Amino acid sequence: MPLDPAIAGMLSFTAAARRGDGRPSVAQARAGLRAFTAGLRSPASTVPVGSVAELTVAGELPGRVYRPDSPGPVPTVVFFHGGGFVLGDLDTHDGLCRWICREVGAVVLAVGYRLAPEAPFPAAPRDCIAATRWAADQVGTLGGDASRLAVAGDSAGGNLAAVVAQVCRDEAGPALAAHLLICPATDMTATAYPSRVDNSAGLLLSADDMRWFAACYLGPDQDRSAPLASPLRGNLAGLPPAVVVTAEYDPLRDEGDAYAHALAAAGVPVTRHRFAGLIHGFFDLTRLSPACADAVRTMCRSLREVLTS
């Protein structure tokens, strides 16, 4: 279907603003994402939850815990933000964490893992594995229900959530009840998926952006086919139930769909959503587009159903 009209208008505005800027520095790109996300939120647009608190995760990582306005015990969702392994932080994804907390009825633990290029691969997956194990150890003071621990993430964070699920299965836990992958990057070897070609420019996330992210994160010498980098290349049998979300106008659409199909072929229960007319990062456009808000509610409802079944 056509691009969502509200998104199309926003893209026209941002394209005009970007014209002639060239490739920003890492610091400029991080500041730009913060300005586009946290910088545009207002108290009126902030999704209410029961409480929000800062904490330290696994001894050294910044974290933020969102608690629903409901009695426990409730599920715990460990969340890893997107941003190409280079950008993003607890503030850029505050809105999405609030949505998950409220709509799923879960405690959400957002994790500030180390970013490339200062801390390249495999720092991020190691941090996220450590954070998930810490959450399992602390689940009594988080959601309180050890049988309903899940991981979630968007884009690069979706990659990390998929990696964590595989490592937890292979290395003695913790046992996960579900994983939510939102527009995930699942195949770092890929360049020829049709969606990477058809949606390569003009849609916030570009093919040039993805090449830059990969260079910062993996460099020239890492094995991009290793499951710790490309979870689509790993063994998917025996993973926890998954909710996999893709967007029609996202360069990562096809590898996200491929991961959902591969999970199903491996016998893993999968709920798959491909949202027509939407782009990468749609979850942060809910104040702009009713279709984006509906999509976030839908994916959260699916996660809630998995965690309460």
# chains A, B, ... in the order shown; residues from 1 in each chain; ligands from 1
$ select_by_dssp --residues "range 13-126 of chain A" --states "strand (DSSP E or B)" --output "compact mmCIF listing (two decimals) with C-alpha atoms, in the first residue's frame"
# COMPACT_ATOMS: atom_id res chain seq x y z
CA SER A 51 6.76 4.42 37.88
CA VAL A 52 10.18 4.90 36.29
CA ALA A 53 13.52 4.55 38.07
CA GLU A 54 17.19 4.62 37.11
CA LEU A 55 19.49 1.81 38.20
CA THR A 56 22.76 0.07 37.40
CA VAL A 57 22.57 -3.27 35.60
CA LEU A 61 25.58 -0.71 32.69
CA PRO A 62 23.04 2.12 32.89
CA GLY A 63 19.48 0.90 33.13
CA ARG A 64 15.97 2.17 33.55
CA VAL A 65 13.06 0.20 34.96
CA TYR A 66 9.46 0.92 33.99
CA ARG A 67 6.73 -0.52 36.19
CA VAL A 74 3.96 -9.43 36.20
CA PRO A 75 6.29 -10.37 33.31
CA THR A 76 9.72 -8.78 32.97
CA VAL A 77 10.89 -7.63 29.53
CA VAL A 78 14.58 -6.83 29.09
CA PHE A 79 14.77 -4.24 26.30
CA PHE A 80 17.71 -3.40 24.01
CA VAL A 107 8.06 -4.42 33.98
CA VAL A 108 10.47 -3.22 31.29
CA LEU A 109 14.18 -3.11 32.03
CA ALA A 110 15.90 -0.92 29.42
CA VAL A 111 19.64 -1.55 29.11
$ closest_atom_pairs --of "range 216-300 of chain A" --to "range 133-157 of chain A" --cutoff "9 Å" --atoms "only C-alpha atoms" --output "JSON lines"
{"residue": "A:Pro240", "atom": "CA", "partner": "A:Ala150", "partner_atom": "CA", "distance": 8.8}
{"residue": "A:Leu252", "atom": "CA", "partner": "A:Ser155", "partner_atom": "CA", "distance": 8.1}
{"residue": "A:His280", "atom": "CA", "partner": "A:Ser155", "partner_atom": "CA", "distance": 8.1}
{"residue": "A:Gly281", "atom": "CA", "partner": "A:Asp154", "partner_atom": "CA", "distance": 8.1}
$ select_by_dssp --residues "range 157-210 of chain A" --states "helix (DSSP H, G or I)" --output "number ranges by chain"
A: 157-170, 194-198, 207-210
$ write_last_selection --atoms "C-alpha atoms" --output "mmCIF file, in the first residue's frame"
data_model
loop_
_atom_site.group_PDB
_atom_site.id
_atom_site.type_symbol
_atom_site.label_atom_id
_atom_site.label_comp_id
_atom_site.auth_asym_id
_atom_site.auth_seq_id
_atom_site.Cartn_x
_atom_site.Cartn_y
_atom_site.Cartn_z
ATOM 1 C CA GLY A 157 18.378 -4.139 19.524
ATOM 2 C CA GLY A 158 16.288 -6.754 17.737
ATOM 3 C CA ASN A 159 19.523 -8.347 16.547
ATOM 4 C CA LEU A 160 20.774 -8.358 20.135
ATOM 5 C CA ALA A 161 17.533 -9.821 21.513
ATOM 6 C CA ALA A 162 17.721 -12.649 18.959
ATOM 7 C CA VAL A 163 21.369 -13.289 19.853
ATOM 8 C CA VAL A 164 20.578 -13.321 23.570
ATOM 9 C CA ALA A 165 17.767 -15.828 23.024
ATOM 10 C CA GLN A 166 20.145 -18.177 21.220
ATOM 11 C CA VAL A 167 22.894 -17.841 23.834
ATOM 12 C CA CYS A 168 20.461 -18.371 26.717
ATOM 13 C CA ARG A 169 19.246 -21.580 25.073
ATOM 14 C CA ASP A 170 22.795 -22.848 24.526
ATOM 15 C CA PRO A 194 15.043 -6.762 -2.265
ATOM 16 C CA SER A 195 13.946 -4.507 0.596
ATOM 17 C CA ARG A 196 17.525 -3.270 1.019
ATOM 18 C CA VAL A 197 17.444 -2.179 -2.619
ATOM 19 C CA ASP A 198 13.852 -0.951 -2.922
ATOM 20 C CA ALA A 207 21.562 1.709 2.734
ATOM 21 C CA ASP A 208 24.424 4.150 3.327
ATOM 22 C CA ASP A 209 23.498 4.355 7.014
ATOM 23 C CA MET A 210 23.570 0.577 7.331
#
$ closest_residue --among "A:Leu228, A:Leu236, A:Leu307, A:Ala201" --to "Ile279 in chain A" --atoms "only C-alpha atoms"
A:Ala201
$ decode --residues "range 196-207 of chain A" --atoms "C-alpha atoms" --output "PDB file, in the first residue's frame"
ATOM      1  CA  ARG A 196      17.525  -3.270   1.019  1.00  0.00           C
ATOM      2  CA  VAL A 197      17.444  -2.179  -2.619  1.00  0.00           C
ATOM      3  CA  ASP A 198      13.852  -0.951  -2.922  1.00  0.00           C
ATOM      4  CA  ASN A 199      13.960   0.976   0.389  1.00  0.00           C
ATOM      5  CA  SER A 200      17.566   2.107   0.213  1.00  0.00           C
ATOM      6  CA  ALA A 201      17.024   5.877   0.401  1.00  0.00           C
ATOM      7  CA  GLY A 202      14.622   8.550   1.567  1.00  0.00           C
ATOM      8  CA  LEU A 203      13.030   6.582   4.433  1.00  0.00           C
ATOM      9  CA  LEU A 204      15.063   7.688   7.489  1.00  0.00           C
ATOM     10  CA  LEU A 205      17.189   4.499   7.498  1.00  0.00           C
ATOM     11  CA  SER A 206      19.234   4.252   4.304  1.00  0.00           C
ATOM     12  CA  ALA A 207      21.562   1.709   2.734  1.00  0.00           C
TER      13      ALA A 207
END
